[in-house]
Every structure is written in structure tokens, then in C-alpha cells.
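Q: Sharing upload_8.txt here; it has compact mmCIF, C-alpha atoms.
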```
# COMPACT_ATOMS: atom_id res chain seq x y z
CA MET B 1 56.45 8.16 30.98
CA ALA B 2 57.87 7.06 27.62
CA LEU B 3 58.27 3.43 26.58
CA ILE B 4 59.93 4.33 23.28
CA PRO B 5 62.89 6.75 23.22
CA PRO B 6 61.51 9.90 21.54
CA PHE B 7 64.32 10.01 18.98
CA PHE B 8 63.28 6.53 17.74
CA ILE B 9 60.25 8.26 16.21
CA ASP B 10 62.57 10.48 14.18
CA CYS B 11 64.35 7.42 12.78
CA VAL B 12 61.23 6.40 10.84
CA VAL B 13 60.40 7.90 7.43
CA ALA B 14 57.56 7.61 4.93
CA ILE B 15 58.50 6.32 1.48
CA GLY B 16 56.57 7.56 -1.54
CA THR B 17 56.54 7.48 -5.30
CA VAL B 18 55.04 9.65 -8.05
CA VAL B 19 52.75 8.18 -10.73
CA GLU B 20 51.39 10.49 -13.42
CA ASP B 21 52.18 13.57 -11.31
CA GLN B 22 50.32 12.12 -8.32
CA GLN B 23 52.32 11.31 -5.18
CA TYR B 24 51.54 8.11 -3.27
CA TRP B 25 52.94 6.85 0.02
CA ILE B 26 53.81 3.20 -0.50
CA GLY B 27 55.93 2.04 2.41
CA THR B 28 57.97 2.71 5.50
CA GLY B 29 61.70 2.97 6.03
CA PHE B 30 64.01 3.89 8.86
CA LEU B 31 67.53 5.24 9.28
CA PHE B 32 70.19 2.91 10.62
CA GLY B 33 73.74 3.88 11.57
CA ASN B 34 76.42 1.25 11.05
CA LEU B 35 79.39 1.84 13.38
CA ILE B 36 82.62 2.62 11.52
CA GLU B 37 84.85 4.16 14.20
CA GLU B 38 84.84 5.19 17.84
CA THR B 39 84.59 8.97 18.05
CA GLU B 40 82.69 11.53 20.09
CA ASP B 41 81.00 12.93 16.96
CA LYS B 42 77.89 10.80 16.46
CA PHE B 43 77.42 11.85 12.85
CA ASN B 44 80.97 10.86 11.86
CA LYS B 45 80.88 7.67 13.89
CA TYR B 46 78.40 5.86 11.66
CA ASN B 47 77.60 5.29 8.01
CA VAL B 48 73.87 5.87 7.70
CA TYR B 49 71.53 3.76 5.59
CA LEU B 50 67.86 3.88 4.74
CA VAL B 51 66.47 0.43 5.53
CA THR B 52 63.27 -0.97 4.02
CA ASN B 53 62.03 -4.03 2.07
CA LYS B 54 63.20 -5.11 -1.35
CA HIS B 55 59.59 -5.24 -2.52
CA VAL B 56 59.12 -1.56 -1.63
CA LEU B 57 61.99 -0.51 -3.94
CA ASN B 58 61.64 -3.04 -6.75
CA ASN B 59 60.96 -1.57 -10.22
CA LEU B 60 61.32 2.03 -9.04
CA ASN B 61 63.83 4.57 -10.34
CA THR B 62 63.28 7.15 -7.61
CA ILE B 63 61.50 7.38 -4.26
CA LYS B 64 60.43 10.27 -2.07
CA VAL B 65 61.59 10.25 1.57
CA ARG B 66 59.90 12.67 3.96
CA PHE B 67 61.43 14.31 7.04
CA ASN B 68 59.74 16.43 9.69
CA PRO B 69 61.05 19.91 10.55
CA GLN B 70 62.68 20.99 13.79
CA MET B 71 60.53 24.13 13.91
CA GLU B 72 57.11 25.09 12.55
CA GLN B 73 57.83 24.90 8.83
CA SER B 74 56.34 22.13 6.71
CA ALA B 75 57.90 18.70 6.30
CA LYS B 76 60.14 18.26 3.28
CA ASP B 77 60.32 15.49 0.70
CA TYR B 78 63.70 14.45 -0.67
CA ASP B 79 64.29 12.53 -3.87
CA LEU B 80 66.38 9.38 -3.51
CA ILE B 81 67.70 8.00 -6.79
CA LEU B 82 67.59 4.20 -7.00
CA LYS B 83 69.13 3.64 -10.46
CA ASP B 84 71.94 5.32 -12.35
CA ASP B 85 71.75 6.43 -15.98
CA ASN B 86 72.64 2.92 -17.14
CA GLY B 87 69.89 1.28 -15.11
CA ASN B 88 72.21 -0.11 -12.44
CA LEU B 89 70.74 -0.37 -8.96
CA LEU B 90 72.04 2.08 -6.37
CA TRP B 91 70.57 0.08 -3.50
CA THR B 92 71.55 -3.29 -2.08
CA GLY B 93 69.31 -6.21 -1.21
CA HIS B 94 70.08 -9.14 1.02
CA PRO B 95 71.72 -11.84 -1.16
CA ASP B 96 69.17 -14.47 -0.04
CA PRO B 97 66.10 -14.05 -2.30
CA GLU B 98 63.83 -15.16 0.56
CA ILE B 99 65.01 -12.35 2.85
CA ASP B 100 63.17 -9.11 2.13
CA VAL B 101 65.66 -6.47 3.31
CA ALA B 102 67.14 -3.59 1.31
CA VAL B 103 69.49 -0.75 2.24
CA VAL B 104 70.48 2.51 0.56
CA GLY B 105 73.47 4.50 1.74
CA ILE B 106 72.52 8.14 2.37
CA ASN B 107 74.18 11.38 3.46
CA ILE B 108 71.95 13.05 6.02
CA SER B 109 74.08 16.19 6.40
CA LYS B 110 71.89 18.11 3.94
CA VAL B 111 68.75 17.10 5.79
CA ARG B 112 70.23 18.23 9.10
CA ASP B 113 71.57 21.49 7.60
CA GLU B 114 68.08 22.32 6.34
CA GLY B 115 66.62 22.02 9.84
CA MET B 116 64.90 18.68 9.47
CA LYS B 117 64.57 16.14 12.26
CA CYS B 118 66.52 12.99 11.60
CA SER B 119 68.04 10.40 13.82
CA PHE B 120 69.04 6.77 13.41
CA PHE B 121 69.24 3.48 15.24
CA GLU B 122 72.85 2.84 16.23
CA SER B 123 74.22 -0.62 15.43
CA ASP B 124 76.24 -0.84 18.66
CA ARG B 125 73.60 0.52 21.06
CA HIS B 126 70.03 0.06 19.87
CA VAL B 127 69.74 -3.43 18.40
CA GLU B 128 69.28 -6.99 19.62
CA THR B 129 70.44 -9.79 17.37
CA ILE B 130 69.03 -13.31 17.30
CA GLU B 131 71.76 -14.49 19.67
CA GLN B 132 71.13 -11.62 22.08
CA LEU B 133 67.40 -12.34 22.07
CA LYS B 134 68.13 -15.97 22.89
CA GLN B 135 70.52 -15.01 25.69
CA ARG B 136 67.86 -12.97 27.48
CA ASP B 137 65.24 -15.71 27.10
CA THR B 138 63.01 -13.87 24.65
CA SER B 139 59.87 -15.92 24.15
CA GLU B 140 56.33 -15.97 22.84
CA GLY B 141 54.18 -13.40 24.62
CA ASP B 142 56.90 -10.75 24.99
CA SER B 143 55.62 -7.29 24.10
CA ILE B 144 56.73 -5.28 21.07
CA PHE B 145 55.89 -2.10 19.14
CA VAL B 146 55.55 -1.69 15.37
CA MET B 147 56.09 1.70 13.72
CA GLY B 148 55.04 2.70 10.23
CA PHE B 149 52.49 4.23 7.88
CA PRO B 150 49.61 1.77 7.29
CA MET B 151 47.58 2.39 4.14
CA GLY B 152 49.91 5.26 3.25
CA MET B 153 48.33 7.48 5.90
CA VAL B 154 50.69 10.44 5.88
CA ALA B 155 49.59 13.98 6.75
CA ILE B 156 49.86 16.76 4.18
CA ASP B 157 52.64 18.63 6.00
CA ARG B 158 54.01 16.10 8.48
CA GLN B 159 55.03 12.45 8.69
CA HIS B 160 54.24 11.34 12.22
CA THR B 161 54.52 7.57 12.35
CA PHE B 162 51.81 5.32 13.77
CA VAL B 163 52.83 3.09 16.67
CA ARG B 164 50.95 -0.13 17.36
CA GLY B 165 51.45 -2.63 20.14
CA GLY B 166 51.65 -6.40 19.90
CA ILE B 167 53.44 -9.47 21.12
CA ILE B 168 55.91 -11.98 19.76
CA SER B 169 53.71 -14.81 18.57
CA ARG B 170 56.28 -17.37 17.41
CA ILE B 171 60.06 -17.16 17.60
CA LYS B 172 61.30 -20.60 18.57
CA ASP B 173 61.40 -21.66 14.91
CA LEU B 174 63.91 -18.86 14.31
CA PHE B 175 65.99 -19.80 17.34
CA GLU B 176 66.04 -23.45 16.22
CA LYS B 177 67.01 -22.40 12.66
CA ARG B 178 63.87 -23.94 11.15
CA SER B 179 62.70 -20.56 9.94
CA LYS B 180 64.44 -17.43 8.69
CA ASP B 181 61.90 -15.05 10.20
CA PHE B 182 59.72 -14.80 13.28
CA VAL B 183 56.05 -13.93 13.75
CA ILE B 184 54.37 -11.22 15.81
CA ASP B 185 50.72 -10.74 16.69
CA ALA B 186 50.14 -7.16 15.48
CA PHE B 187 48.01 -5.88 12.63
CA VAL B 188 49.93 -4.37 9.73
CA PHE B 189 48.65 -3.27 6.34
CA PRO B 190 50.07 -2.13 2.99
CA GLY B 191 52.30 0.82 3.81
CA ASN B 192 53.71 -0.80 6.97
CA SER B 193 56.24 -2.74 4.89
CA GLY B 194 59.77 -1.85 5.95
CA GLY B 195 58.81 -0.53 9.37
CA PRO B 196 60.89 -1.20 12.49
CA VAL B 197 59.86 -3.59 15.27
CA ILE B 198 60.91 -2.50 18.76
CA THR B 199 60.95 -4.35 22.07
CA ARG B 200 58.75 -2.95 24.82
CA PRO B 201 60.66 -2.31 28.07
CA GLU B 202 59.50 -4.48 30.96
CA THR B 203 59.92 -4.20 34.71
CA GLN B 204 58.95 -7.73 35.69
CA SER B 205 58.97 -11.30 34.45
CA ILE B 206 58.27 -14.83 35.63
CA HIS B 207 60.65 -15.86 38.41
CA GLY B 208 63.83 -17.33 37.00
CA THR B 209 63.57 -15.64 33.60
CA LYS B 210 65.21 -12.47 32.31
CA PHE B 211 63.62 -9.26 31.11
CA SER B 212 64.77 -6.12 29.32
CA THR B 213 64.26 -2.58 30.59
CA LYS B 214 65.35 -1.11 27.25
CA ALA B 215 63.64 -0.58 23.89
CA ASN B 216 65.70 -2.10 21.07
CA LEU B 217 65.34 -2.67 17.35
CA ILE B 218 64.83 -6.40 16.75
CA GLY B 219 63.51 -6.56 13.19
CA ILE B 220 61.74 -5.14 10.17
CA VAL B 221 58.18 -5.77 8.97
CA LYS B 222 58.05 -8.13 6.00
CA SER B 223 54.36 -8.90 5.40
CA TYR B 224 51.19 -9.96 7.12
CA ILE B 225 50.13 -13.60 6.93
CA PRO B 226 46.88 -13.90 4.95
CA TYR B 227 44.13 -16.45 4.92
CA ASN B 228 41.70 -17.06 2.09
CA ASP B 229 37.93 -17.07 2.53
CA VAL B 230 36.18 -18.75 -0.43
CA ALA B 231 32.67 -17.84 -1.63
CA ILE B 232 30.81 -20.88 -3.01
CA SER B 233 28.14 -20.60 -5.69
CA GLN B 234 24.76 -21.85 -4.40
CA GLN B 235 23.90 -23.02 -7.91
CA THR B 236 27.03 -24.89 -8.96
CA LYS B 237 28.56 -25.47 -5.50
CA ARG B 238 31.86 -24.40 -7.01
CA PRO B 239 34.25 -21.69 -5.70
CA ARG B 240 33.46 -18.35 -7.33
CA VAL B 241 35.37 -15.67 -5.40
CA VAL B 242 38.37 -15.87 -3.09
CA PHE B 243 38.75 -13.11 -0.48
CA GLU B 244 42.18 -12.58 1.08
CA GLU B 245 41.92 -11.58 4.74
CA ASN B 246 44.49 -10.35 7.25
CA THR B 247 45.09 -12.79 10.12
CA GLY B 248 46.74 -10.16 12.32
CA LEU B 249 49.93 -12.23 12.27
CA THR B 250 52.98 -10.61 10.70
CA LYS B 251 56.32 -11.95 9.48
CA ILE B 252 59.38 -10.10 10.74
CA GLU B 253 62.92 -10.20 9.38
CA PRO B 254 65.44 -10.19 12.30
CA VAL B 255 67.87 -7.31 12.69
CA ASP B 256 70.73 -9.69 11.80
CA TYR B 257 69.65 -9.49 8.15
CA ILE B 258 69.95 -5.71 8.20
CA LEU B 259 73.55 -6.06 9.37
CA GLU B 260 74.22 -8.73 6.73
CA THR B 261 72.72 -6.56 3.97
CA ILE B 262 74.87 -3.59 4.99
CA GLN B 263 77.94 -5.82 4.96
CA ASN B 264 76.94 -6.98 1.49
CA ALA B 265 76.72 -3.33 0.40
CA ILE B 266 80.20 -2.72 1.80
CA ASP B 267 81.68 -5.81 0.15
CA HIS B 268 79.86 -5.28 -3.16
CA PRO B 269 79.09 -1.56 -3.43
CA PRO B 270 76.35 -0.54 -5.89
CA CYS B 271 77.64 0.62 -9.26
```
Reformat the file's structure so that it appears as C-alpha cells.
A:
Amino acid sequence: MALIPPFFIDCVVAIGTVVEDQQYWIGTGFLFGNLIEETEDKFNKYNVYLVTNKHVLNNLNTIKVRFNPQMEQSAKDYDLILKDDNGNLLWTGHPDPEIDVAVVGINISKVRDEGMKCSFFESDRHVETIEQLKQRDTSEGDSIFVMGFPMGMVAIDRQHTFVRGGIISRIKDLFEKRSKDFVIDAFVFPGNSGGPVITRPETQSIHGTKFSTKANLIGIVKSYIPYNDVAISQQTKRPRVVFEENTGLTKIEPVDYILETIQNAIDHPPC
């Protein structure tokens, strides 16, 4: 029994960078197909983008994106250029500075031709927007999955994503337009940034309410919500050290902002 479509796993990629000849895995991204025309050929039907956070890409010229192989060969890392020779950005961020979503248009034909696994979330089949979530009575307590690479934990020759379970912790603020994001109860750590959040299919609900039997993309990990624990000096009674702790609550950018960022890339293409 699968609760997540197996190809969803192949939509998720590890994002890395190289510092002084040492490679580090710094975040998560996923492939997203934006519908451009109705055709039987899936790979000509969509423009494909790598989706992640702005803060994952900021101040970088190049990133590494890893794909798993179809067969028994090792995974392969591909360079993705983020700036041209004049320093102009080749990726697009959401125009609202508070919304932490970035997209990069990519051509996955080379990856596929080299025998790598790659798939993508389809904008017309695998997403639920804010309005769609409202229409099916999505509420606090609904189950979700988070996919990504916490603490940069990526194997030497593979990039199998971690999947963690959780629930929607607070979403009414988003529905009432008093917040731009929503909150889930699921532990994430550095490296999870940019990972997809997926609904968990359900087979039952409280009488009179709706439920979904399908896994859909509903958002992207932004950051965990911290709290500060202060150490007080016994001598001076003054704060000496502040420890930042993870509450287990995580801010999520809704899928609507991915669609808006892609539209911004279409309307204002990178130089």
C-alpha cells in the first residue's frame, strides 16, 4: 500500500554547492511542470521548473542538482548556472519579499537521455491551491507529508529523499487572509528548505465534512519556527547565552505562490 505516488519521490532533488573544492548539500528542491498545451506527450505538455526557496539560491553562482539513475549506475550531479557572465540572475523569485519561493527553468531532456530518474508535479493534476483547500474543508489536524534532505543527509551515490509525517497545525489565518503562509506540525531542519509538502490520502472524516483520497502538492517548506532559551548568569543574574531551539512547527508557503512565481518568470524572463 502506497500513500504517496512513487513518482512523487522522483520529483524531489538534493541541492548542493561547492566551497573550496568540498561539496555540501544545502537544501531541497523539486521539479514542477507548468501546463502550456494539451497534448499526449507529457514532456512537451509542460514547461519544467526547479522550485526551491530564495534563501537557498541567494548569493550563489552555481548549484549542484542530483538525480538518481534508472539502473544500477551511480547518481549524477548536474551543474545549474544561476548567474550569467554579467552577474544577472537566471532564476526568478516571487516579487513579494516576504514570500520565499524561487524557480529556475530547466530542460530535463538531457537528464532523461542519460538514464536518470526524473519526474515532476503537474500543475493541472497534482496540486491544491488555497481555494481548493478551502472548498474541501481542509482544517487543523489534517495529515501531511514533508519530503527533503534534513541536515544535508545525502548518500554518496544516491539521493533518496526522507519522508516525514505531520499535520496541519494552523491554516485558518491563511484562509482568512491574515497570514501569507500556514503552519504544520512536523520537524524540519537545515537542508529541508525548499521541500514539498504533500497531503496524506484519507478514507474517512467526521460526518458532514469532506476528505481527499489523493496525495497533492499543497506547499513548500519555508522555515521552522524557533524559540529562544536564555541562560542566566548565577553571579550577575543577567542573560549570558541564548540558545535557539526548534519548536517542531514549520512555516509553509502555499502552492499558489509557486504558480505566481512561474507566471512572474514568464512575464519577466531572467536576462
Q: Pick from B:Ser139, B:Asn59, B:Ser74, B:Ser223: nearest to Gly194 (chain B), with only C-alpha atoms counted?
A: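 Checking each candidate against Gly194 (chain B), we get B:Ser223 as the closest.
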Q: Can you pull out the residues contacting region 232-248 of chain B? Cut-off 8 Å, using only C-alpha atoms, and skip same-chain residues under 3 positions away; I want them as a ChimeraX atom specification.
A: /B:185-188,224-229
Q: When you look at region 254-271 of chain B with a cut-off of 6 Å (counting all atoms listed in the file), what residues show up, excluding the ones that are within fewer than 5 positions of it in the same chain? I need them as a list of chain:residue names.
A: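 In the requested format, the answer is B:Leu90, B:Thr92, B:His94, B:Thr129, B:Ile218, B:Gly219.
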Q: Rounded to one decimal place, report the CA of Val221 (chain B)-CA of Arg200 (chain B) distance in Å.
A: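 Calculated distance between CA of Val221 (chain B) and CA of Arg200 (chain B) is 16.1 Å.
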Q: Given the choices B:Tyr78, B:Phe32, B:Phe162, B:Phe145, which gets closest to Ala102 (chain B) if the distance is worked out from all atoms listed in the file?
A: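 Among the listed residues, the smallest separation from Ala102 (chain B) belongs to B:Phe32.
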Q: So which residues touch Asn216 (chain B) within 6 Å, counting only C-alpha atoms, skipping near sequence neighbours fewer than 3 positions away, as a list in words?
A: His126, Val127, Ile198 and Thr199 of chain B
Q: Which residue gives the smallest distance to Met71 (chain B) among B:Glu114, B:Glu20, B:Glu37, B:Asp96, with only C-alpha atoms counted?
A: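 Checking each candidate against Met71 (chain B), we get B:Glu114 as the closest.
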Q: Excluding Asn58 (chain B) and any residue of its chain fewer than 5 positions from it, enumerate the residues within 12 Å of it, using all atoms listed in the file, and give them as a ChimeraX atom specification.
A: /B:17,26-27,52-53,63,82-83,89-93,100-102
Q: With the input short on atoms, add all heavy atoms back to region 188-199 of chain B and write it as a PDB file, in the coordinates of the input.
A:
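Output saved as out.pdb:
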```pdb
ATOM      1  N   VAL B 188      49.270  -5.286  10.661  1.00  0.00           N
ATOM      2  CA  VAL B 188      49.930  -4.370   9.730  1.00  0.00           C
ATOM      3  C   VAL B 188      49.183  -4.434   8.408  1.00  0.00           C
ATOM      4  O   VAL B 188      48.453  -5.391   8.128  1.00  0.00           O
ATOM      5  CB  VAL B 188      51.417  -4.708   9.511  1.00  0.00           C
ATOM      6  CG1 VAL B 188      52.180  -4.694  10.817  1.00  0.00           C
ATOM      7  CG2 VAL B 188      51.581  -6.044   8.808  1.00  0.00           C
ATOM      8  N   PHE B 189      49.370  -3.396   7.600  1.00  0.00           N
ATOM      9  CA  PHE B 189      48.650  -3.270   6.340  1.00  0.00           C
ATOM     10  C   PHE B 189      49.616  -2.736   5.280  1.00  0.00           C
ATOM     11  O   PHE B 189      50.737  -2.335   5.603  1.00  0.00           O
ATOM     12  CB  PHE B 189      47.458  -2.318   6.509  1.00  0.00           C
ATOM     13  CG  PHE B 189      46.433  -2.813   7.488  1.00  0.00           C
ATOM     14  CD1 PHE B 189      46.529  -2.508   8.840  1.00  0.00           C
ATOM     15  CD2 PHE B 189      45.385  -3.609   7.056  1.00  0.00           C
ATOM     16  CE1 PHE B 189      45.600  -2.979   9.745  1.00  0.00           C
ATOM     17  CE2 PHE B 189      44.440  -4.090   7.952  1.00  0.00           C
ATOM     18  CZ  PHE B 189      44.549  -3.775   9.292  1.00  0.00           C
ATOM     19  N   PRO B 190      49.215  -2.754   4.000  1.00  0.00           N
ATOM     20  CA  PRO B 190      50.070  -2.130   2.990  1.00  0.00           C
ATOM     21  C   PRO B 190      50.476  -0.725   3.433  1.00  0.00           C
ATOM     22  O   PRO B 190      49.648   0.062   3.883  1.00  0.00           O
ATOM     23  CB  PRO B 190      49.160  -2.102   1.755  1.00  0.00           C
ATOM     24  CG  PRO B 190      48.263  -3.283   1.936  1.00  0.00           C
ATOM     25  CD  PRO B 190      47.984  -3.338   3.404  1.00  0.00           C
ATOM     26  N   GLY B 191      51.743  -0.434   3.303  1.00  0.00           N
ATOM     27  CA  GLY B 191      52.300   0.820   3.810  1.00  0.00           C
ATOM     28  C   GLY B 191      53.168   0.608   5.029  1.00  0.00           C
ATOM     29  O   GLY B 191      54.091   1.373   5.299  1.00  0.00           O
ATOM     30  N   ASN B 192      52.867  -0.444   5.820  1.00  0.00           N
ATOM     31  CA  ASN B 192      53.710  -0.800   6.970  1.00  0.00           C
ATOM     32  C   ASN B 192      55.002  -1.480   6.561  1.00  0.00           C
ATOM     33  O   ASN B 192      55.949  -1.563   7.357  1.00  0.00           O
ATOM     34  CB  ASN B 192      52.971  -1.746   7.920  1.00  0.00           C
ATOM     35  CG  ASN B 192      52.069  -1.036   8.911  1.00  0.00           C
ATOM     36  OD1 ASN B 192      50.853  -1.204   8.882  1.00  0.00           O
ATOM     37  ND2 ASN B 192      52.658  -0.244   9.785  1.00  0.00           N
ATOM     38  N   SER B 193      55.058  -1.999   5.334  1.00  0.00           N
ATOM     39  CA  SER B 193      56.240  -2.740   4.890  1.00  0.00           C
ATOM     40  C   SER B 193      57.504  -1.914   5.096  1.00  0.00           C
ATOM     41  O   SER B 193      57.579  -0.752   4.694  1.00  0.00           O
ATOM     42  CB  SER B 193      56.108  -3.098   3.406  1.00  0.00           C
ATOM     43  OG  SER B 193      55.068  -4.013   3.196  1.00  0.00           O
ATOM     44  N   GLY B 194      58.510  -2.532   5.708  1.00  0.00           N
ATOM     45  CA  GLY B 194      59.770  -1.850   5.950  1.00  0.00           C
ATOM     46  C   GLY B 194      59.861  -1.132   7.273  1.00  0.00           C
ATOM     47  O   GLY B 194      60.888  -0.517   7.574  1.00  0.00           O
ATOM     48  N   GLY B 195      58.801  -1.219   8.086  1.00  0.00           N
ATOM     49  CA  GLY B 195      58.810  -0.530   9.370  1.00  0.00           C
ATOM     50  C   GLY B 195      59.572  -1.279  10.443  1.00  0.00           C
ATOM     51  O   GLY B 195      59.684  -2.503  10.407  1.00  0.00           O
ATOM     52  N   PRO B 196      60.110  -0.560  11.425  1.00  0.00           N
ATOM     53  CA  PRO B 196      60.890  -1.200  12.490  1.00  0.00           C
ATOM     54  C   PRO B 196      59.997  -1.844  13.546  1.00  0.00           C
ATOM     55  O   PRO B 196      58.888  -1.389  13.816  1.00  0.00           O
ATOM     56  CB  PRO B 196      61.685  -0.044  13.085  1.00  0.00           C
ATOM     57  CG  PRO B 196      60.819   1.159  12.858  1.00  0.00           C
ATOM     58  CD  PRO B 196      60.121   0.911  11.549  1.00  0.00           C
ATOM     59  N   VAL B 197      60.513  -2.915  14.141  1.00  0.00           N
ATOM     60  CA  VAL B 197      59.860  -3.590  15.270  1.00  0.00           C
ATOM     61  C   VAL B 197      60.755  -3.408  16.487  1.00  0.00           C
ATOM     62  O   VAL B 197      61.958  -3.711  16.437  1.00  0.00           O
ATOM     63  CB  VAL B 197      59.637  -5.084  14.975  1.00  0.00           C
ATOM     64  CG1 VAL B 197      58.997  -5.774  16.172  1.00  0.00           C
ATOM     65  CG2 VAL B 197      58.766  -5.247  13.737  1.00  0.00           C
ATOM     66  N   ILE B 198      60.166  -2.907  17.573  1.00  0.00           N
ATOM     67  CA  ILE B 198      60.910  -2.500  18.760  1.00  0.00           C
ATOM     68  C   ILE B 198      60.426  -3.297  19.970  1.00  0.00           C
ATOM     69  O   ILE B 198      59.220  -3.534  20.126  1.00  0.00           O
ATOM     70  CB  ILE B 198      60.680  -0.988  19.039  1.00  0.00           C
ATOM     71  CG1 ILE B 198      60.920  -0.150  17.783  1.00  0.00           C
ATOM     72  CG2 ILE B 198      61.544  -0.512  20.197  1.00  0.00           C
ATOM     73  CD1 ILE B 198      62.315  -0.190  17.272  1.00  0.00           C
ATOM     74  N   THR B 199      61.344  -3.705  20.821  1.00  0.00           N
ATOM     75  CA  THR B 199      60.950  -4.350  22.070  1.00  0.00           C
ATOM     76  C   THR B 199      60.326  -3.340  23.020  1.00  0.00           C
ATOM     77  O   THR B 199      60.721  -2.171  23.047  1.00  0.00           O
ATOM     78  CB  THR B 199      62.145  -5.016  22.761  1.00  0.00           C
ATOM     79  OG1 THR B 199      63.189  -4.055  22.946  1.00  0.00           O
ATOM     80  CG2 THR B 199      62.667  -6.179  21.943  1.00  0.00           C
TER      81      THR B 199
END
```
